[in-house]
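Quick look at model_3.cif (mmCIF, C-alpha atoms and all ligand atoms):
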data_my_file
#
loop_
_atom_site.label_atom_id
_atom_site.label_comp_id
_atom_site.auth_asym_id
_atom_site.auth_seq_id
_atom_site.Cartn_x
_atom_site.Cartn_y
_atom_site.Cartn_z
CA MET A 1 22.58 34.90 10.07
CA ASN A 2 25.36 32.99 8.38
CA PHE A 3 27.40 29.94 9.39
CA ASP A 4 31.06 29.14 8.78
CA THR A 5 31.45 25.42 8.04
CA GLN A 6 35.19 25.39 8.89
CA HIS A 7 35.81 23.00 11.82
CA CYS A 8 32.09 22.14 11.92
CA ARG A 9 30.61 19.14 13.70
CA ALA A 10 27.75 18.08 11.46
CA VAL A 11 24.90 15.61 11.76
CA ILE A 12 23.79 14.55 8.26
CA THR A 13 20.64 12.49 7.65
CA GLY A 14 20.39 10.42 4.47
CA ALA A 15 24.19 10.32 4.34
CA SER A 16 24.41 6.86 2.78
CA SER A 17 23.90 8.07 -0.79
CA GLY A 18 23.16 10.97 -3.14
CA LEU A 19 23.19 14.50 -1.76
CA GLY A 20 23.78 13.39 1.85
CA ALA A 21 26.93 11.45 0.94
CA GLU A 22 28.10 14.44 -1.12
CA PHE A 23 27.56 16.81 1.86
CA ALA A 24 29.79 14.48 3.90
CA ARG A 25 32.51 14.43 1.21
CA GLN A 26 32.48 18.21 0.71
CA LEU A 27 32.55 18.97 4.45
CA ALA A 28 35.19 16.31 5.18
CA PRO A 29 38.36 18.26 4.32
CA THR A 30 37.62 21.11 6.79
CA ALA A 31 35.17 19.60 9.31
CA THR A 32 36.17 18.43 12.79
CA ALA A 33 33.57 15.67 13.12
CA LEU A 34 30.70 14.13 11.17
CA TYR A 35 27.78 12.07 12.40
CA LEU A 36 26.33 10.19 9.43
CA THR A 37 23.00 8.41 9.45
CA GLY A 38 20.89 6.40 7.02
CA ARG A 39 19.45 2.88 7.10
CA ARG A 40 22.18 1.06 5.14
CA GLN A 41 25.23 0.43 7.32
CA GLU A 42 27.43 -0.78 4.44
CA ALA A 43 26.72 2.31 2.37
CA LEU A 44 27.50 4.51 5.39
CA GLU A 45 30.82 2.65 5.83
CA ALA A 46 31.70 3.41 2.20
CA VAL A 47 31.01 7.13 2.70
CA LYS A 48 33.13 7.05 5.87
CA THR A 49 36.04 5.53 3.97
CA ALA A 50 35.80 8.21 1.27
CA CYS A 51 35.72 10.98 3.90
CA LEU A 52 38.73 9.57 5.78
CA THR A 53 40.70 9.51 2.53
CA LEU A 54 40.04 13.24 2.24
CA ASN A 55 40.83 13.95 5.91
CA PRO A 56 42.38 11.15 7.99
CA ALA A 57 42.05 13.22 11.20
CA LEU A 58 38.27 13.55 10.82
CA GLN A 59 36.14 11.98 13.59
CA ILE A 60 33.26 10.06 12.02
CA HIS A 61 30.33 8.43 13.79
CA LEU A 62 27.90 6.21 11.92
CA TYR A 63 24.46 5.18 13.04
CA ALA A 64 22.06 3.11 10.94
CA CYS A 65 18.37 3.62 11.75
CA ASP A 66 15.00 4.43 10.25
CA ILE A 67 14.31 8.07 11.12
CA ALA A 68 10.77 7.83 9.77
CA THR A 69 9.78 6.08 13.02
CA ASP A 70 9.61 7.36 16.61
CA GLU A 71 11.78 4.40 17.71
CA GLY A 72 14.44 5.13 15.08
CA ARG A 73 14.61 8.83 15.94
CA GLY A 74 14.70 8.04 19.67
CA ALA A 75 17.56 5.58 19.18
CA LEU A 76 19.44 8.08 17.02
CA LEU A 77 19.16 10.88 19.59
CA GLU A 78 20.21 8.52 22.38
CA ASN A 79 23.26 7.44 20.37
CA VAL A 80 24.25 11.05 19.59
CA HIS A 81 24.24 11.83 23.33
CA HIS A 82 25.85 8.50 24.22
CA CYS A 83 28.88 9.13 22.01
CA GLY A 84 29.16 12.73 23.28
CA PHE A 85 28.67 14.22 19.84
CA GLN A 86 28.03 17.97 20.12
CA PRO A 87 26.88 19.21 16.72
CA ASN A 88 26.86 22.79 15.50
CA LEU A 89 25.38 21.88 12.10
CA LEU A 90 22.31 19.77 11.28
CA ILE A 91 21.64 18.76 7.68
CA ASN A 92 18.11 17.40 7.31
CA ASN A 93 18.62 15.73 3.96
CA ALA A 94 16.87 12.31 4.06
CA GLY A 95 13.78 12.27 1.87
CA MET A 96 11.89 10.16 -0.66
CA GLY A 97 9.27 10.42 -3.41
CA ASP A 98 6.68 8.24 -5.13
CA TYR A 99 5.91 8.44 -8.86
CA GLY A 100 2.23 7.94 -9.73
CA THR A 101 -1.26 9.02 -8.75
CA VAL A 102 -2.63 9.17 -5.23
CA ALA A 103 -5.49 6.81 -6.13
CA SER A 104 -3.14 4.08 -7.28
CA ALA A 105 -0.53 4.56 -4.55
CA GLN A 106 0.21 2.14 -1.77
CA ALA A 107 -0.95 3.71 1.50
CA GLU A 108 2.37 2.74 3.18
CA LYS A 109 4.38 4.69 0.61
CA LEU A 110 2.17 7.77 1.03
CA ARG A 111 2.73 7.55 4.77
CA ALA A 112 6.45 6.87 4.41
CA GLN A 113 6.90 10.10 2.43
CA MET A 114 5.01 12.16 4.99
CA ASP A 115 6.78 10.52 7.96
CA LEU A 116 10.25 11.01 6.46
CA ASN A 117 9.95 14.30 4.56
CA MET A 118 7.95 16.20 7.18
CA THR A 119 7.64 14.49 10.58
CA ALA A 120 11.26 13.34 10.84
CA LEU A 121 12.58 16.70 9.64
CA VAL A 122 10.48 18.70 12.12
CA LEU A 123 11.00 16.42 15.12
CA LEU A 124 14.76 16.04 14.59
CA THR A 125 15.08 19.81 14.22
CA HIS A 126 13.07 20.28 17.42
CA ALA A 127 15.19 17.72 19.28
CA PHE A 128 18.53 19.14 18.09
CA ILE A 129 17.87 22.89 18.61
CA PRO A 130 18.63 22.86 22.37
CA HIS A 131 21.84 20.86 21.80
CA LEU A 132 23.14 22.70 18.74
CA GLN A 133 26.30 24.62 19.67
CA ARG A 134 26.10 28.37 18.91
CA PRO A 135 26.81 29.76 16.37
CA GLY A 136 24.98 26.95 14.64
CA GLY A 137 23.50 26.05 11.27
CA ILE A 138 20.67 24.00 9.82
CA ILE A 139 20.25 23.00 6.17
CA ASN A 140 16.86 21.60 5.21
CA ILE A 141 16.59 19.89 1.84
CA SER A 142 13.33 20.76 0.12
CA SER A 143 12.82 20.63 -3.67
CA LEU A 144 11.90 22.68 -6.72
CA ALA A 145 8.73 20.54 -6.50
CA SER A 146 7.79 22.65 -3.46
CA THR A 147 6.86 25.53 -5.80
CA LEU A 148 4.16 23.57 -7.67
CA PRO A 149 1.21 21.25 -7.08
CA MET A 150 2.46 18.18 -8.99
CA PRO A 151 0.00 15.58 -10.29
CA ALA A 152 1.63 12.11 -10.16
CA MET A 153 3.90 13.38 -7.38
CA ALA A 154 1.21 15.09 -5.31
CA VAL A 155 2.24 14.03 -1.80
CA TYR A 156 5.95 14.55 -2.46
CA ALA A 157 5.45 18.10 -3.81
CA ALA A 158 3.10 18.97 -0.93
CA SER A 159 5.56 17.60 1.63
CA LYS A 160 8.33 19.75 0.16
CA ALA A 161 6.07 22.85 0.16
CA PHE A 162 5.76 22.14 3.88
CA VAL A 163 9.57 21.93 4.24
CA THR A 164 10.14 25.25 2.45
CA SER A 165 7.49 27.07 4.49
CA PHE A 166 8.69 25.53 7.75
CA SER A 167 12.32 26.39 7.03
CA GLU A 168 11.66 30.03 6.10
CA ALA A 169 9.76 30.55 9.38
CA LEU A 170 12.43 28.69 11.34
CA ALA A 171 15.16 30.93 9.88
CA ILE A 172 13.44 33.95 11.39
CA GLU A 173 12.81 32.25 14.75
CA LEU A 174 16.39 31.02 15.12
CA ALA A 175 18.34 34.07 13.92
CA PRO A 176 18.25 35.68 17.41
CA GLU A 177 19.62 32.38 18.77
CA SER A 178 22.62 32.56 16.39
CA ILE A 179 21.44 29.62 14.29
CA ALA A 180 21.45 30.10 10.53
CA VAL A 181 18.84 28.18 8.54
CA THR A 182 19.11 27.57 4.80
CA CYS A 183 16.42 25.81 2.80
CA VAL A 184 17.67 24.17 -0.41
CA CYS A 185 15.28 23.44 -3.30
CA PRO A 186 17.13 21.33 -5.86
CA GLY A 187 15.76 20.45 -9.27
CA PRO A 188 16.22 16.97 -10.75
CA THR A 189 19.57 15.62 -9.59
CA PRO A 190 21.07 12.23 -10.54
CA THR A 191 20.99 10.19 -7.29
CA ARG A 192 19.11 7.07 -6.12
CA PHE A 193 15.96 9.23 -5.75
CA SER A 194 14.21 8.03 -8.98
CA GLN A 195 14.99 4.40 -8.20
CA THR A 196 13.21 4.71 -4.84
CA ALA A 197 10.32 6.77 -6.24
CA ARG A 198 9.56 4.51 -9.21
CA ARG A 199 6.77 2.00 -8.63
CA PRO A 200 7.19 -1.73 -9.20
CA ASP A 201 4.19 -1.75 -11.60
CA GLY A 202 5.94 0.80 -13.81
CA GLU A 203 3.62 3.73 -13.04
CA ASP A 204 5.66 6.85 -13.35
CA THR A 205 5.53 10.64 -13.39
CA ASP A 206 6.20 12.76 -16.49
CA ARG A 207 9.81 13.90 -16.26
CA GLY A 208 9.87 15.51 -19.71
CA GLY A 209 11.80 18.77 -19.89
CA GLN A 210 13.92 17.99 -16.86
CA GLY A 211 17.16 17.85 -18.86
CA ALA A 212 17.58 21.64 -18.79
CA LEU A 213 17.21 21.69 -15.00
CA ARG A 214 19.49 18.78 -14.10
CA ILE A 215 22.79 19.56 -12.35
CA PRO A 216 25.17 17.16 -10.62
CA PRO A 217 24.94 16.53 -6.84
CA GLN A 218 28.41 18.10 -6.45
CA GLN A 219 27.07 21.46 -7.69
CA VAL A 220 23.88 21.26 -5.58
CA VAL A 221 25.93 20.66 -2.44
CA ALA A 222 28.62 23.26 -3.21
CA GLU A 223 25.93 25.92 -3.77
CA SER A 224 24.08 24.81 -0.61
CA LEU A 225 27.15 25.17 1.62
CA ALA A 226 27.98 28.52 0.02
CA ALA A 227 24.39 29.69 0.72
CA LEU A 228 24.68 28.71 4.39
CA ARG A 229 28.03 30.50 4.66
CA VAL A 230 26.47 33.78 3.44
CA GLY A 231 23.20 33.37 5.36
CA GLN A 232 20.87 32.79 2.39
CA ALA A 233 17.44 31.65 3.64
CA CYS A 234 16.36 29.81 0.49
CA LEU A 235 18.41 28.49 -2.43
CA TYR A 236 17.40 27.14 -5.86
CA PRO A 237 20.66 25.57 -7.07
CA GLY A 238 21.57 26.01 -10.75
CA LEU A 239 20.51 28.72 -13.19
CA GLY A 240 17.74 26.65 -14.86
CA VAL A 241 16.17 25.82 -11.48
CA LYS A 242 16.36 29.46 -10.36
CA ILE A 243 14.52 30.60 -13.50
CA ALA A 244 11.95 27.77 -13.28
CA ALA A 245 11.24 28.51 -9.61
CA ARG A 246 10.73 32.21 -10.33
CA LEU A 247 8.34 31.39 -13.20
CA PHE A 248 6.35 28.82 -11.21
CA ARG A 249 5.93 31.20 -8.29
CA LEU A 250 5.00 34.21 -10.39
CA LEU A 251 2.63 32.48 -12.83
CA PRO A 252 -0.99 33.00 -11.66
CA ARG A 253 -2.66 29.68 -10.74
CA ILE A 254 -5.36 30.32 -13.35
CA PHE A 255 -2.68 29.91 -16.07
CA LEU A 256 -0.71 27.24 -14.27
CA ARG A 257 -3.60 24.79 -13.80
CA PRO A 258 -4.27 24.17 -17.53
CA LEU A 259 -0.51 23.65 -18.05
CA LEU A 260 -0.38 21.09 -15.25
CA ARG A 261 -3.55 19.41 -16.56
CA ARG A 262 -2.07 19.15 -20.07
CA ARG A 263 1.20 17.78 -18.77
CA TYR A 264 -0.61 15.23 -16.63
CA ALA A 265 -2.86 14.12 -19.53
CA LYS A 266 0.23 13.71 -21.75
CA GLY A 267 1.88 11.55 -19.13
CA THR A 268 -1.11 9.22 -18.79
CA VAL A 269 -1.76 8.44 -22.50
N1 LIG A 301 17.49 13.72 -6.57
C1 LIG A 301 16.59 14.64 -6.90
O1 LIG A 301 16.18 14.78 -8.07
C2 LIG A 301 16.07 15.57 -5.81
C3 LIG A 301 15.46 16.77 -6.21
C4 LIG A 301 15.00 17.62 -5.22
C5 LIG A 301 15.11 17.29 -3.89
N2 LIG A 301 15.70 16.11 -3.54
C6 LIG A 301 15.80 15.78 -2.11
O2 LIG A 301 17.15 15.54 -1.80
C7 LIG A 301 17.22 14.76 -0.62
C8 LIG A 301 18.26 13.66 -0.80
O3 LIG A 301 17.80 12.74 -1.77
P1 LIG A 301 18.75 12.14 -2.89
O4 LIG A 301 18.36 12.75 -4.18
O5 LIG A 301 20.16 12.21 -2.46
O6 LIG A 301 18.22 10.64 -2.94
P2 LIG A 301 18.84 9.27 -2.41
O7 LIG A 301 20.14 9.01 -3.11
O8 LIG A 301 17.74 8.29 -2.56
O9 LIG A 301 19.15 9.54 -0.88
C9 LIG A 301 18.14 9.48 0.12
C10 LIG A 301 18.80 9.27 1.45
O10 LIG A 301 17.78 9.24 2.46
C11 LIG A 301 17.99 8.08 3.27
N3 LIG A 301 16.70 7.57 3.76
C12 LIG A 301 15.61 7.23 3.02
N4 LIG A 301 14.64 6.78 3.83
C13 LIG A 301 15.14 6.81 5.10
C14 LIG A 301 14.60 6.45 6.35
N5 LIG A 301 13.35 6.00 6.49
N6 LIG A 301 15.39 6.60 7.47
C15 LIG A 301 16.66 7.05 7.34
N7 LIG A 301 17.21 7.44 6.16
C16 LIG A 301 16.46 7.31 5.05
C17 LIG A 301 18.65 7.07 2.33
O11 LIG A 301 19.42 6.16 3.08
P3 LIG A 301 19.08 4.59 3.26
O12 LIG A 301 18.56 4.12 1.95
O13 LIG A 301 20.39 4.02 3.66
O14 LIG A 301 18.08 4.59 4.35
C18 LIG A 301 19.58 7.97 1.53
O15 LIG A 301 20.78 8.17 2.22
C19 LIG A 301 15.80 14.26 -0.36
O16 LIG A 301 15.20 15.04 0.66
C20 LIG A 301 15.09 14.52 -1.68
O17 LIG A 301 13.71 14.70 -1.53
C21 LIG A 301 16.19 15.24 -4.47
#

Go ahead and render the structure in this file as C-alpha cells.
Amino acid sequence: MNFDTQHCRAVITGASSGLGAEFARQLAPTATALYLTGRRQEALEAVKTACLTLNPALQIHLYACDIATDEGRGALLENVHHCGFQPNLLINNAGMGDYGTVASAQAEKLRAQMDLNMTALVLLTHAFIPHLQRPGGIINISSLASTLPMPAMAVYAASKAFVTSFSEALAIELAPESIAVTCVCPGPTPTRFSQTARRPDGEDTDRGGQGALRIPPQQVVAESLAALRVGQACLYPGLGVKIAARLFRLLPRIFLRPLLRRRYAKGTV
C-alpha cells in the first residue's frame, strides 16, 4: 500500500515544533488542508503563518490540547468533527523522552512518556481509522532507539519499540482497507527533543557517537514522505541510521549487553 500526499488533508500531532512543524511545511505546498495540534497555541500560529506563505490557498485548522490525557484527546476529536475536517492522512508525531535512570526519574515524567508515546498514538489511531478517507495514510514516528534497550533512556526506548511493533502490525491490518502505514525511526535530530528530555538536576544520557547519525529534520521528513508515497512499512532515515539499525538488530544480545553496560558505566563516571 502506498499513499500519494498530493491534495492530502492531514492531521499532524506535535506540529508546534521540530519534525511535526517540518511535516506541515513540507506538505503545505501541495496539501489541500492541514489540521495542526500541539499544546502551544503561539507556536502553532507561527507554523500556520509559515505554511500560508508557502501556499496561501491552504486551509489550516489549529487546536491546542494535551493529547496525553483522555480529556485532551476527546476535545481534539470533537473539534475535528466540529470543524468538518475529513482527513486522509494521520501523522502521529508527538513524543517525548527523559534522560536519566529509572530509579532517579520523576514518576510523572515516566508516565508522561508512556501516555504520549504509546497511549495517545494507539488511541488516536483507533479513533481516526473509521473517519480516515480512503485511500488513506498513517505515519507513526518511532525512533532508532526502538532497536535497542537503552540504559538512561529505558522507558523512551521501550515505548518506541512498542510504536515500531504496533505500526508494522497495523500496516498489515490496514492494507486491505486501502490505508498505507509507514513507521519512521529517526536517529538523533536537532529539534526541541533534548531540551524536553534533559532533567533539571543535570542528569543526562550518554549521547557520545551521535554525530555520525545526526541529520536535519528537513531530511528526516522528506525521506518519511517519500517512504509513505512508495508504501515502505518502516524507514530509518539517513545512511548512518540505516547502518546502525541493521547492526543493532543483527548483533546477538549476548554481545550487545556488555557494550551497553560499558557505555552506561562510561556515562555515569
Ligand atoms: N529529535 C530526535 O532526536 C528524535 C529522534 C527519534 C525520534 N524522535 C521522535 O520525533 C517525534 C517528534 O519530536 P521532535 O524531535 O520534533 O521534538 P520536539 O521539537 O520536542 O517536538 C515534540 C512535539 O510534540 C508535542 N507534544 C509534546 N507533548 C505533548 C502533549 N502532551 N500533547 C500534545 N502535544 C505534545 C510538542 O508540542 P507542545 O510542546 O506545543 O505541546 C511538539 O510539537 C517524537 O515522537 C520523538 O520521540 C525524535

Take atom CA of A:Ala24 and atom CA of A:Glu173 and report the distance between them in Å, one decimal.
->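 Atom-to-atom, atom CA of A:Ala24 to atom CA of A:Glu173, that is 26.9 Å.
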
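Nearest-residue note for A:Gln41: choosing from A:Ala245, A:Ile138, A:Ala57, A:Ala15, the minimum distance belongs to A:Ala15, counting only C-alpha atoms.
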
Cut-off 8 Å, all atoms listed in the file, neighbours of ligand LIG 301 (chain A) as a ChimeraX atom specification = /A:13-21,37-41,43-44,64-69,72,92-97,112,116-117,141-145,156,160,185-196,214,217

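With distances restricted to only C-alpha atoms, A:Thr182 is the closest residue to A:Val230 from A:Val163, A:Thr182, A:Arg73, A:Ala171.
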
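Nearest to A:Met150 of all the residues A:Pro176, A:Pro135, A:Gly100, A:Pro130 is A:Gly100, based on all atoms listed in the file.
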
Selection near A:Glu168, 12 Å with all atoms listed in the file, sequence-local residues under 5 positions removed, as a list of chain:residue names =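 Listing them by chain and then by number gives A:Ile138, A:Ile139, A:Asn140, A:Ser142, A:Ala161, A:Phe162, A:Val163, A:Glu173, A:Leu174, A:Ala175, A:Ala180, A:Val181, A:Thr182, A:Cys183, A:Val184, A:Gln232, A:Ala233, A:Cys234, A:Leu235.
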
Per residue of stretch 52-123 of chain A within 8 Å of stretch 27-31 of chain A, record the nearest atom pair and its distance in Å to one decimal, counting only C-alpha atoms, with rows in chain order and ascending residue number, as a tab-separated table.
residue	atom	partner	partner_atom	distance
A:Leu52	CA	A:Ala28	CA	7.6
A:Leu54	CA	A:Pro29	CA	5.7
A:Asn55	CA	A:Pro29	CA	5.2
A:Leu58	CA	A:Ala31	CA	7.0

Take atom CA of A:Ala10 and atom CA of A:Ile91 and report the distance between them in Å, one decimal.
->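 According to the coordinates, atom CA of A:Ala10 and atom CA of A:Ile91 are separated by 7.2 Å.
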
May I ask for the distance between atom CA of A:Glu78 and atom CA of A:Arg134, given in Å to one decimal place?
->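 Spanning atom CA of A:Glu78 to atom CA of A:Arg134 is a straight-line distance of 21.0 Å.
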
Rank A:Glu203, A:Glu42, A:Asp70, A:Glu223 by their smallest atom-to-atom distance to A:Val102, using only C-alpha atoms, and report the top residue only.
-> A:Glu203

Non-local contacts of A:Leu34 (10 Å; all atoms listed in the file; under 5 positions in same chain excluded) as a list of chain:residue names =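 Using all atoms listed in the file, the neighbours found are A:Cys8, A:Arg9, A:Ala10, A:Val11, A:Ile12, A:Ala24, A:Leu27, A:Ala28, A:Lys48, A:Cys51, A:Leu58, A:Gln59, A:Ile60, A:His61, A:Leu62, A:Phe85, A:Pro87, A:Leu89.
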
A:Arg199 environment, 12 Å, only C-alpha atoms, sequence neighbours closer than 2 positions dropped, as a ChimeraX atom specification | /A:97-101,104-106,109,152-153,194-197,201-205

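Using only C-alpha atoms, the nearest neighbour of A:Phe166 within the list A:Arg246, A:His126, A:His7, A:Arg25 is A:His126.
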
Hey, could you pull the box centre and edge lengths for stretch 45-62 of chain A, axis-aligned, 8 Å padding per side, all listed atoms, to one decimal in Å, as JSON?
{"center_x": 35.1, "center_y": 8.3, "center_z": 7.5, "size_x": 30.5, "size_y": 27.3, "size_z": 28.5}

Which of these residues is nearest to A:Arg263, using all atoms listed in the file: A:Gly84, A:Pro151, A:Pro237, A:Gly74?
->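 That would be A:Pro151, the residue with the smallest distance to A:Arg263.
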
Just save stretch 152-178 of chain A with N, CA, C and O atoms, as a PDB file, in the first residue's frame.
ATOM      1  N   ALA A 152      19.490   4.604  30.788  1.00  0.00           N
ATOM      2  CA  ALA A 152      19.396   6.065  30.895  1.00  0.00           C
ATOM      3  C   ALA A 152      18.425   6.667  29.884  1.00  0.00           C
ATOM      4  O   ALA A 152      18.333   7.881  29.741  1.00  0.00           O
ATOM      5  N   MET A 153      17.719   5.811  29.166  1.00  0.00           N
ATOM      6  CA  MET A 153      16.582   6.230  28.325  1.00  0.00           C
ATOM      7  C   MET A 153      15.651   5.026  28.194  1.00  0.00           C
ATOM      8  O   MET A 153      15.066   4.776  27.141  1.00  0.00           O
ATOM      9  N   ALA A 154      15.546   4.264  29.288  1.00  0.00           N
ATOM     10  CA  ALA A 154      14.918   2.940  29.227  1.00  0.00           C
ATOM     11  C   ALA A 154      13.453   2.997  28.805  1.00  0.00           C
ATOM     12  O   ALA A 154      13.020   2.242  27.929  1.00  0.00           O
ATOM     13  N   VAL A 155      12.690   3.903  29.419  1.00  0.00           N
ATOM     14  CA  VAL A 155      11.251   3.946  29.123  1.00  0.00           C
ATOM     15  C   VAL A 155      11.027   4.481  27.714  1.00  0.00           C
ATOM     16  O   VAL A 155      10.186   3.968  26.964  1.00  0.00           O
ATOM     17  N   TYR A 156      11.802   5.484  27.337  1.00  0.00           N
ATOM     18  CA  TYR A 156      11.657   6.048  25.982  1.00  0.00           C
ATOM     19  C   TYR A 156      11.916   4.970  24.923  1.00  0.00           C
ATOM     20  O   TYR A 156      11.094   4.778  24.015  1.00  0.00           O
ATOM     21  N   ALA A 157      13.053   4.254  25.053  1.00  0.00           N
ATOM     22  CA  ALA A 157      13.400   3.244  24.045  1.00  0.00           C
ATOM     23  C   ALA A 157      12.328   2.145  24.006  1.00  0.00           C
ATOM     24  O   ALA A 157      11.925   1.694  22.925  1.00  0.00           O
ATOM     25  N   ALA A 158      11.854   1.737  25.190  1.00  0.00           N
ATOM     26  CA  ALA A 158      10.827   0.692  25.235  1.00  0.00           C
ATOM     27  C   ALA A 158       9.529   1.188  24.595  1.00  0.00           C
ATOM     28  O   ALA A 158       8.844   0.443  23.887  1.00  0.00           O
ATOM     29  N   SER A 159       9.200   2.451  24.830  1.00  0.00           N
ATOM     30  CA  SER A 159       7.952   2.987  24.252  1.00  0.00           C
ATOM     31  C   SER A 159       8.050   3.039  22.731  1.00  0.00           C
ATOM     32  O   SER A 159       7.073   2.811  22.024  1.00  0.00           O
ATOM     33  N   LYS A 160       9.241   3.298  22.206  1.00  0.00           N
ATOM     34  CA  LYS A 160       9.408   3.364  20.752  1.00  0.00           C
ATOM     35  C   LYS A 160       9.473   1.960  20.142  1.00  0.00           C
ATOM     36  O   LYS A 160       9.049   1.764  19.001  1.00  0.00           O
ATOM     37  N   ALA A 161       9.972   0.968  20.917  1.00  0.00           N
ATOM     38  CA  ALA A 161       9.908  -0.423  20.438  1.00  0.00           C
ATOM     39  C   ALA A 161       8.438  -0.815  20.264  1.00  0.00           C
ATOM     40  O   ALA A 161       8.051  -1.491  19.300  1.00  0.00           O
ATOM     41  N   PHE A 162       7.622  -0.349  21.191  1.00  0.00           N
ATOM     42  CA  PHE A 162       6.171  -0.574  21.110  1.00  0.00           C
ATOM     43  C   PHE A 162       5.624   0.058  19.823  1.00  0.00           C
ATOM     44  O   PHE A 162       4.859  -0.568  19.083  1.00  0.00           O
ATOM     45  N   VAL A 163       6.016   1.302  19.550  1.00  0.00           N
ATOM     46  CA  VAL A 163       5.489   2.005  18.365  1.00  0.00           C
ATOM     47  C   VAL A 163       5.873   1.269  17.077  1.00  0.00           C
ATOM     48  O   VAL A 163       5.040   1.083  16.178  1.00  0.00           O
ATOM     49  N   THR A 164       7.118   0.817  16.994  1.00  0.00           N
ATOM     50  CA  THR A 164       7.553   0.125  15.773  1.00  0.00           C
ATOM     51  C   THR A 164       6.766  -1.176  15.592  1.00  0.00           C
ATOM     52  O   THR A 164       6.250  -1.458  14.501  1.00  0.00           O
ATOM     53  N   SER A 165       6.647  -1.950  16.661  1.00  0.00           N
ATOM     54  CA  SER A 165       5.931  -3.227  16.574  1.00  0.00           C
ATOM     55  C   SER A 165       4.460  -2.991  16.210  1.00  0.00           C
ATOM     56  O   SER A 165       3.910  -3.635  15.307  1.00  0.00           O
ATOM     57  N   PHE A 166       3.845  -2.043  16.907  1.00  0.00           N
ATOM     58  CA  PHE A 166       2.438  -1.711  16.653  1.00  0.00           C
ATOM     59  C   PHE A 166       2.242  -1.296  15.182  1.00  0.00           C
ATOM     60  O   PHE A 166       1.310  -1.751  14.509  1.00  0.00           O
ATOM     61  N   SER A 167       3.129  -0.458  14.688  1.00  0.00           N
ATOM     62  CA  SER A 167       2.961   0.093  13.345  1.00  0.00           C
ATOM     63  C   SER A 167       3.124  -0.981  12.267  1.00  0.00           C
ATOM     64  O   SER A 167       2.405  -0.985  11.265  1.00  0.00           O
ATOM     65  N   GLU A 168       4.089  -1.883  12.475  1.00  0.00           N
ATOM     66  CA  GLU A 168       4.308  -2.940  11.470  1.00  0.00           C
ATOM     67  C   GLU A 168       3.074  -3.845  11.385  1.00  0.00           C
ATOM     68  O   GLU A 168       2.665  -4.257  10.304  1.00  0.00           O
ATOM     69  N   ALA A 169       2.464  -4.152  12.541  1.00  0.00           N
ATOM     70  CA  ALA A 169       1.259  -4.992  12.541  1.00  0.00           C
ATOM     71  C   ALA A 169       0.093  -4.226  11.911  1.00  0.00           C
ATOM     72  O   ALA A 169      -0.672  -4.778  11.101  1.00  0.00           O
ATOM     73  N   LEU A 170      -0.001  -2.944  12.250  1.00  0.00           N
ATOM     74  CA  LEU A 170      -1.088  -2.108  11.729  1.00  0.00           C
ATOM     75  C   LEU A 170      -1.018  -2.010  10.200  1.00  0.00           C
ATOM     76  O   LEU A 170      -2.057  -2.014   9.516  1.00  0.00           O
ATOM     77  N   ALA A 171       0.194  -1.928   9.668  1.00  0.00           N
ATOM     78  CA  ALA A 171       0.369  -1.822   8.207  1.00  0.00           C
ATOM     79  C   ALA A 171      -0.268  -3.024   7.519  1.00  0.00           C
ATOM     80  O   ALA A 171      -0.911  -2.886   6.462  1.00  0.00           O
ATOM     81  N   ILE A 172      -0.115  -4.189   8.123  1.00  0.00           N
ATOM     82  CA  ILE A 172      -0.683  -5.406   7.521  1.00  0.00           C
ATOM     83  C   ILE A 172      -2.208  -5.407   7.680  1.00  0.00           C
ATOM     84  O   ILE A 172      -2.945  -5.717   6.741  1.00  0.00           O
ATOM     85  N   GLU A 173      -2.682  -5.004   8.865  1.00  0.00           N
ATOM     86  CA  GLU A 173      -4.139  -4.974   9.087  1.00  0.00           C
ATOM     87  C   GLU A 173      -4.852  -3.998   8.162  1.00  0.00           C
ATOM     88  O   GLU A 173      -5.972  -4.250   7.713  1.00  0.00           O
ATOM     89  N   LEU A 174      -4.202  -2.844   7.899  1.00  0.00           N
ATOM     90  CA  LEU A 174      -4.920  -1.775   7.184  1.00  0.00           C
ATOM     91  C   LEU A 174      -4.723  -1.796   5.670  1.00  0.00           C
ATOM     92  O   LEU A 174      -5.449  -1.088   4.954  1.00  0.00           O
ATOM     93  N   ALA A 175      -3.783  -2.589   5.182  1.00  0.00           N
ATOM     94  CA  ALA A 175      -3.570  -2.637   3.720  1.00  0.00           C
ATOM     95  C   ALA A 175      -4.855  -3.015   2.969  1.00  0.00           C
ATOM     96  O   ALA A 175      -5.211  -2.360   1.976  1.00  0.00           O
ATOM     97  N   PRO A 176      -5.619  -4.022   3.436  1.00  0.00           N
ATOM     98  CA  PRO A 176      -6.862  -4.352   2.706  1.00  0.00           C
ATOM     99  C   PRO A 176      -7.902  -3.233   2.768  1.00  0.00           C
ATOM    100  O   PRO A 176      -8.841  -3.212   1.974  1.00  0.00           O
ATOM    101  N   GLU A 177      -7.726  -2.303   3.721  1.00  0.00           N
ATOM    102  CA  GLU A 177      -8.656  -1.162   3.825  1.00  0.00           C
ATOM    103  C   GLU A 177      -8.151   0.061   3.073  1.00  0.00           C
ATOM    104  O   GLU A 177      -8.633   1.174   3.257  1.00  0.00           O
ATOM    105  N   SER A 178      -7.111  -0.133   2.247  1.00  0.00           N
ATOM    106  CA  SER A 178      -6.512   0.956   1.453  1.00  0.00           C
ATOM    107  C   SER A 178      -5.940   2.076   2.317  1.00  0.00           C
ATOM    108  O   SER A 178      -6.039   3.257   1.974  1.00  0.00           O
TER     109      SER A 178
END
